[in-house]
$ cat query17.txt   # compact mmCIF, C-alpha atoms
# COMPACT_ATOMS: atom_id res chain seq x y z
CA MET L 1 5.47 0.12 2.74
CA LYS L 2 3.80 3.24 1.43
CA ILE L 3 5.31 4.49 -1.83
CA THR L 4 4.38 7.45 -3.99
CA VAL L 5 5.42 7.72 -7.62
CA GLN L 6 5.48 11.08 -9.39
CA ALA L 7 6.06 11.32 -13.12
CA ILE L 8 7.38 14.71 -14.15
CA HIS L 9 6.91 15.99 -17.74
CA PHE L 10 5.00 12.84 -18.79
CA SER L 11 2.37 10.37 -17.58
CA ALA L 12 3.54 6.92 -16.51
CA ASP L 13 1.60 3.81 -17.49
CA HIS L 14 0.45 1.14 -15.03
CA LYS L 15 3.03 -1.34 -16.25
CA LEU L 16 5.89 0.99 -15.25
CA LEU L 17 4.25 1.82 -11.91
CA ASP L 18 3.78 -1.87 -11.10
CA PHE L 19 7.42 -2.57 -12.02
CA ILE L 20 8.63 0.18 -9.68
CA GLN L 21 6.37 -0.94 -6.83
CA LYS L 22 7.61 -4.53 -7.18
CA LYS L 23 11.27 -3.46 -7.15
CA VAL L 24 10.92 -1.11 -4.19
CA ASP L 25 8.98 -3.74 -2.20
CA LYS L 26 12.00 -6.05 -2.52
CA LEU L 27 14.02 -3.56 -0.44
CA GLU L 28 12.04 -4.70 2.61
CA GLN L 29 14.14 -7.88 2.54
CA PHE L 30 17.14 -5.76 3.51
CA HIS L 31 15.44 -3.49 6.07
CA ASP L 32 12.03 -4.24 7.54
CA GLN L 33 11.57 -0.79 9.08
CA ILE L 34 11.34 1.31 5.92
CA ILE L 35 8.71 3.94 6.69
CA SER L 36 7.91 5.30 3.23
CA GLY L 37 9.31 5.83 -0.22
CA GLU L 38 9.06 8.45 -2.92
CA VAL L 39 9.95 7.86 -6.56
CA TYR L 40 10.38 10.69 -9.03
CA LEU L 41 10.51 9.88 -12.73
CA LYS L 42 11.80 12.71 -14.87
CA LEU L 43 12.10 13.11 -18.60
CA GLU L 44 14.80 15.60 -19.58
CA ASN L 45 14.81 17.54 -22.83
CA VAL L 46 18.29 16.71 -24.02
CA GLU L 47 19.66 15.28 -27.26
CA ASP L 48 21.20 12.29 -25.49
CA GLU L 49 19.27 8.97 -25.52
CA ALA L 50 19.84 8.55 -21.78
CA ASN L 51 17.32 11.23 -20.83
CA LYS L 52 15.25 9.28 -18.31
CA ILE L 53 15.95 9.91 -14.62
CA SER L 54 14.76 7.86 -11.68
CA GLU L 55 15.14 9.29 -8.17
CA ILE L 56 14.20 7.21 -5.13
CA LYS L 57 14.03 8.55 -1.57
CA LEU L 58 13.43 6.20 1.37
CA SER L 59 12.60 7.24 4.91
CA VAL L 60 14.09 4.90 7.50
CA PRO L 61 14.41 5.31 11.27
CA GLY L 62 17.42 7.54 11.79
CA GLY L 63 17.66 9.06 8.33
CA VAL L 64 16.74 9.35 4.68
CA LEU L 65 18.35 7.34 1.88
CA PHE L 66 18.47 8.72 -1.65
CA ALA L 67 19.55 7.40 -5.06
CA LYS L 68 19.40 8.99 -8.50
CA GLU L 69 20.24 7.38 -11.85
CA GLN L 70 19.97 8.47 -15.48
CA CYS L 71 19.63 5.86 -18.26
CA LYS L 72 17.96 5.08 -21.58
CA SER L 73 14.88 3.57 -19.89
CA PHE L 74 13.08 4.12 -16.62
CA GLU L 75 13.32 0.41 -15.82
CA GLU L 76 17.12 0.44 -16.12
CA ALA L 77 17.41 3.65 -14.08
CA THR L 78 15.14 2.20 -11.39
CA ASP L 79 17.18 -1.03 -11.25
CA LEU L 80 20.42 0.91 -10.76
CA SER L 81 18.83 3.13 -8.11
CA ILE L 82 17.56 0.06 -6.24
CA GLU L 83 21.05 -1.49 -6.31
CA SER L 84 22.49 1.71 -4.87
CA LEU L 85 19.83 1.78 -2.15
CA LYS L 86 20.57 -1.85 -1.22
CA LYS L 87 24.17 -0.85 -0.47
CA GLN L 88 23.04 2.23 1.45
CA ILE L 89 20.55 0.20 3.52
CA THR L 90 23.22 -2.36 4.42
CA LYS L 91 25.65 0.37 5.43
CA HIS L 92 22.96 2.19 7.44
CA LYS L 93 22.01 -1.00 9.29
CA ASP L 94 25.66 -1.75 10.10
CA LYS L 95 26.14 1.74 11.53
CA THR L 96 22.94 1.47 13.56
CA ARG L 97 23.96 -1.92 14.96
CA ALA L 98 27.43 -0.62 15.85
CA LYS L 99 25.94 2.35 17.72
CA LEU L 100 23.48 0.08 19.51
CA SER L 101 26.18 -2.38 20.59
CA GLU L 102 28.38 0.49 21.83
CA HIS L 103 25.45 1.87 23.78
CA LYS L 104 24.72 -1.54 25.34
CA ALA L 105 28.39 -1.98 26.22
CA LEU L 106 28.41 1.40 27.97
CA LEU L 107 25.24 0.54 29.89
CA ASN L 108 26.68 -2.80 30.98
CA ALA L 109 29.93 -1.13 32.07
CA ASP L 110 27.96 1.41 34.15
CA GLU L 111 25.95 -1.37 35.80
CA VAL L 112 29.12 -3.21 36.79
CA THR L 113 30.67 -0.11 38.40
CA ASP L 114 27.47 0.73 40.31
CA TYR L 115 27.81 -2.32 42.60

$ encode --input "query17.txt" --output "structure tokens"
Amino acid sequence: MKITVQAIHFSADHKLLDFIQKKVDKLEQFHDQIISGEVYLKLENVEDEANKISEIKLSVPGGVLFAKEQCKSFEEATDLSIESLKKQITKHKDKTRAKLSEHKALLNADEVTDY
């Protein structure tokens, strides 16, 4: 899967980029048709310690999935975003399968009435 990582207001090191790539690649276990992914790492200027934001956007057939988390570290924010995307992928696949089975049922019903 093709993934782009953009660090906003700072430069990310290779260790962080490798961590993100490894985590996002694991999402292919849940959906093998992920087209591409975009990760935005933002550093906010606030007094709070939890000023690191990780946004992940995945393109899948039939839609776009998005997750955003804010935590004390980029690794933690990425982990939480990945967990959210796992749930979204599962829900998206269930909806797609339901639509497909309804469509097949309608086609089979039409074939039966044609004879």

$ closest_residue --input "query17.txt" --among "L:Glu38, L:Glu49, L:Glu28, L:Glu44" --to "Phe10 in chain L" --atoms "all atoms listed in the file"
L:Glu44

$ residues_around --input "query17.txt" --residues "range 16-19 of chain L" --least-positions-apart "5" --cutoff "8 Å" --atoms "all atoms listed in the file" --output "JSON, numbers by chain"
{"L": [5, 74, 75]}

$ atom_distance --input "query17.txt" --atom1 "CA of Asn45 in chain L" --atom2 "CA of Ala7 in chain L"
14.5 Å

$ residues_around --input "query17.txt" --residues "Leu27 in chain L" --least-positions-apart "2" --cutoff "9 Å" --atoms "only C-alpha atoms" --output "PyMOL selection string"
chain L and resi 23-25+29-32+34+82+85-86+89

$ closest_residue --input "query17.txt" --among "L:Met1, L:Leu107, L:Ile56, L:Leu100" --to "Lys26 in chain L" --atoms "all atoms listed in the file"
L:Met1

$ closest_atom_pairs --input "query17.txt" --of "range 19-83 of chain L" --to "range 11-15 of chain L" --cutoff "12 Å" --atoms "only C-alpha atoms" --output "JSON lines"
{"residue": "L:Phe19", "atom": "CA", "partner": "L:Lys15", "partner_atom": "CA", "distance": 6.2}
{"residue": "L:Ile20", "atom": "CA", "partner": "L:Lys15", "partner_atom": "CA", "distance": 8.8}
{"residue": "L:Gln21", "atom": "CA", "partner": "L:Lys15", "partner_atom": "CA", "distance": 10.0}
{"residue": "L:Lys22", "atom": "CA", "partner": "L:Lys15", "partner_atom": "CA", "distance": 10.6}
{"residue": "L:Val39", "atom": "CA", "partner": "L:Ala12", "partner_atom": "CA", "distance": 11.9}
{"residue": "L:Tyr40", "atom": "CA", "partner": "L:Ala12", "partner_atom": "CA", "distance": 10.8}
{"residue": "L:Leu41", "atom": "CA", "partner": "L:Ala12", "partner_atom": "CA", "distance": 8.5}
{"residue": "L:Lys42", "atom": "CA", "partner": "L:Ser11", "partner_atom": "CA", "distance": 10.1}
{"residue": "L:Leu43", "atom": "CA", "partner": "L:Ser11", "partner_atom": "CA", "distance": 10.2}
{"residue": "L:Phe74", "atom": "CA", "partner": "L:Ala12", "partner_atom": "CA", "distance": 9.9}
{"residue": "L:Glu75", "atom": "CA", "partner": "L:Lys15", "partner_atom": "CA", "distance": 10.4}

$ atom_distance --input "query17.txt" --atom1 "CA of Lys99 in chain L" --atom2 "CA of Gly62 in chain L"
11.6 Å

$ residues_near_point --input "query17.txt" --point "(14.8, 6.9, 10.2)" --cutoff "12 Å" --atoms "all atoms listed in the file" --output "list in words"
His31, Asp32, Gln33, Ile34, Ile35, Ser36, Gly37, Lys57, Leu58, Ser59, Val60, Pro61, Gly62, Gly63, Val64, Leu65, Ile89, His92, Lys93 and Thr96 of chain L

$ atom_distance --input "query17.txt" --atom1 "CA of Phe66 in chain L" --atom2 "CA of Gln88 in chain L"
8.5 Å

$ build_atoms --input "query17.txt" --residues "range 24-35 of chain L" --atoms "all heavy atoms" --output "JSON list (two decimals), in the frame of the given file"
[["chain", "number", "residue", "atom", "x", "y", "z"],
["L", 24, "VAL", "N", 10.74, -1.79, -5.47],
["L", 24, "VAL", "CA", 10.92, -1.11, -4.19],
["L", 24, "VAL", "C", 10.47, -2.01, -3.04],
["L", 24, "VAL", "O", 11.08, -2.00, -1.97],
["L", 24, "VAL", "CB", 10.17, 0.25, -4.18],
["L", 24, "VAL", "CG1", 10.21, 0.89, -2.82],
["L", 24, "VAL", "CG2", 10.78, 1.18, -5.22],
["L", 25, "ASP", "N", 9.44, -2.81, -3.24],
["L", 25, "ASP", "CA", 8.98, -3.74, -2.20],
["L", 25, "ASP", "C", 10.06, -4.75, -1.84],
["L", 25, "ASP", "O", 10.13, -5.20, -0.70],
["L", 25, "ASP", "CB", 7.71, -4.46, -2.63],
["L", 25, "ASP", "CG", 6.48, -3.58, -2.55],
["L", 25, "ASP", "OD1", 6.55, -2.52, -1.89],
["L", 25, "ASP", "OD2", 5.46, -3.93, -3.16],
["L", 26, "LYS", "N", 10.91, -5.10, -2.78],
["L", 26, "LYS", "CA", 12.00, -6.05, -2.52],
["L", 26, "LYS", "C", 13.03, -5.49, -1.54],
["L", 26, "LYS", "O", 13.77, -6.24, -0.93],
["L", 26, "LYS", "CB", 12.68, -6.48, -3.81],
["L", 26, "LYS", "CG", 11.84, -7.41, -4.64],
["L", 26, "LYS", "CD", 12.61, -7.91, -5.84],
["L", 26, "LYS", "CE", 11.75, -8.88, -6.64],
["L", 26, "LYS", "NZ", 12.48, -9.43, -7.78],
["L", 27, "LEU", "N", 13.08, -4.17, -1.39],
["L", 27, "LEU", "CA", 14.02, -3.56, -0.44],
["L", 27, "LEU", "C", 13.68, -3.91, 1.00],
["L", 27, "LEU", "O", 14.53, -3.83, 1.87],
["L", 27, "LEU", "CB", 14.06, -2.04, -0.62],
["L", 27, "LEU", "CG", 14.70, -1.53, -1.89],
["L", 27, "LEU", "CD1", 14.56, -0.02, -1.99],
["L", 27, "LEU", "CD2", 16.17, -1.92, -1.94],
["L", 28, "GLU", "N", 12.43, -4.32, 1.25],
["L", 28, "GLU", "CA", 12.04, -4.70, 2.61],
["L", 28, "GLU", "C", 12.75, -5.96, 3.08],
["L", 28, "GLU", "O", 12.78, -6.24, 4.27],
["L", 28, "GLU", "CB", 10.53, -4.86, 2.70],
["L", 28, "GLU", "CG", 9.81, -3.53, 2.62],
["L", 28, "GLU", "CD", 8.31, -3.65, 2.83],
["L", 28, "GLU", "OE1", 7.72, -4.67, 2.42],
["L", 28, "GLU", "OE2", 7.73, -2.71, 3.39],
["L", 29, "GLN", "N", 13.34, -6.72, 2.16],
["L", 29, "GLN", "CA", 14.14, -7.88, 2.54],
["L", 29, "GLN", "C", 15.40, -7.44, 3.26],
["L", 29, "GLN", "O", 15.91, -8.16, 4.11],
["L", 29, "GLN", "CB", 14.55, -8.69, 1.31],
["L", 29, "GLN", "CG", 13.41, -9.32, 0.57],
["L", 29, "GLN", "CD", 13.87, -9.99, -0.72],
["L", 29, "GLN", "OE1", 15.01, -9.85, -1.12],
["L", 29, "GLN", "NE2", 12.97, -10.72, -1.35],
["L", 30, "PHE", "N", 15.89, -6.25, 2.94],
["L", 30, "PHE", "CA", 17.14, -5.76, 3.51],
["L", 30, "PHE", "C", 16.92, -4.94, 4.78],
["L", 30, "PHE", "O", 17.79, -4.86, 5.63],
["L", 30, "PHE", "CB", 17.90, -4.93, 2.47],
["L", 30, "PHE", "CG", 18.27, -5.72, 1.26],
["L", 30, "PHE", "CD1", 17.47, -5.73, 0.15],
["L", 30, "PHE", "CD2", 19.43, -6.48, 1.25],
["L", 30, "PHE", "CE1", 17.80, -6.48, -0.96],
["L", 30, "PHE", "CE2", 19.78, -7.22, 0.15],
["L", 30, "PHE", "CZ", 18.96, -7.23, -0.96],
["L", 31, "HIS", "N", 15.76, -4.30, 4.89],
["L", 31, "HIS", "CA", 15.44, -3.49, 6.07],
["L", 31, "HIS", "C", 13.93, -3.52, 6.24],
["L", 31, "HIS", "O", 13.19, -3.00, 5.40],
["L", 31, "HIS", "CB", 15.94, -2.06, 5.87],
["L", 31, "HIS", "CG", 16.04, -1.26, 7.13],
["L", 31, "HIS", "ND1", 15.21, -1.43, 8.21],
["L", 31, "HIS", "CD2", 16.89, -0.26, 7.48],
["L", 31, "HIS", "CE1", 15.54, -0.58, 9.16],
["L", 31, "HIS", "NE2", 16.56, 0.15, 8.74],
["L", 32, "ASP", "N", 13.47, -4.10, 7.34],
["L", 32, "ASP", "CA", 12.03, -4.24, 7.54],
["L", 32, "ASP", "C", 11.37, -3.02, 8.16],
["L", 32, "ASP", "O", 10.17, -3.00, 8.37],
["L", 32, "ASP", "CB", 11.73, -5.48, 8.38],
["L", 32, "ASP", "CG", 12.41, -5.46, 9.73],
["L", 32, "ASP", "OD1", 13.29, -4.59, 9.93],
["L", 32, "ASP", "OD2", 12.08, -6.31, 10.58],
["L", 33, "GLN", "N", 12.15, -1.98, 8.45],
["L", 33, "GLN", "CA", 11.57, -0.79, 9.08],
["L", 33, "GLN", "C", 11.55, 0.42, 8.15],
["L", 33, "GLN", "O", 11.62, 1.56, 8.62],
["L", 33, "GLN", "CB", 12.34, -0.45, 10.35],
["L", 33, "GLN", "CG", 12.22, -1.52, 11.42],
["L", 33, "GLN", "CD", 12.98, -1.15, 12.67],
["L", 33, "GLN", "OE1", 13.75, -0.21, 12.68],
["L", 33, "GLN", "NE2", 12.77, -1.91, 13.73],
["L", 34, "ILE", "N", 11.45, 0.20, 6.87],
["L", 34, "ILE", "CA", 11.34, 1.31, 5.92],
["L", 34, "ILE", "C", 9.96, 1.95, 6.12],
["L", 34, "ILE", "O", 8.94, 1.28, 6.06],
["L", 34, "ILE", "CB", 11.53, 0.84, 4.47],
["L", 34, "ILE", "CG1", 12.93, 0.26, 4.29],
["L", 34, "ILE", "CG2", 11.29, 2.00, 3.50],
["L", 34, "ILE", "CD1", 13.17, -0.36, 2.93],
["L", 35, "ILE", "N", 9.95, 3.24, 6.37],
["L", 35, "ILE", "CA", 8.71, 3.94, 6.69],
["L", 35, "ILE", "C", 7.93, 4.26, 5.42],
["L", 35, "ILE", "O", 6.76, 3.92, 5.29],
["L", 35, "ILE", "CB", 9.00, 5.24, 7.47],
["L", 35, "ILE", "CG1", 9.71, 4.89, 8.78],
["L", 35, "ILE", "CG2", 7.72, 6.02, 7.71],
["L", 35, "ILE", "CD1", 10.33, 6.06, 9.48]]
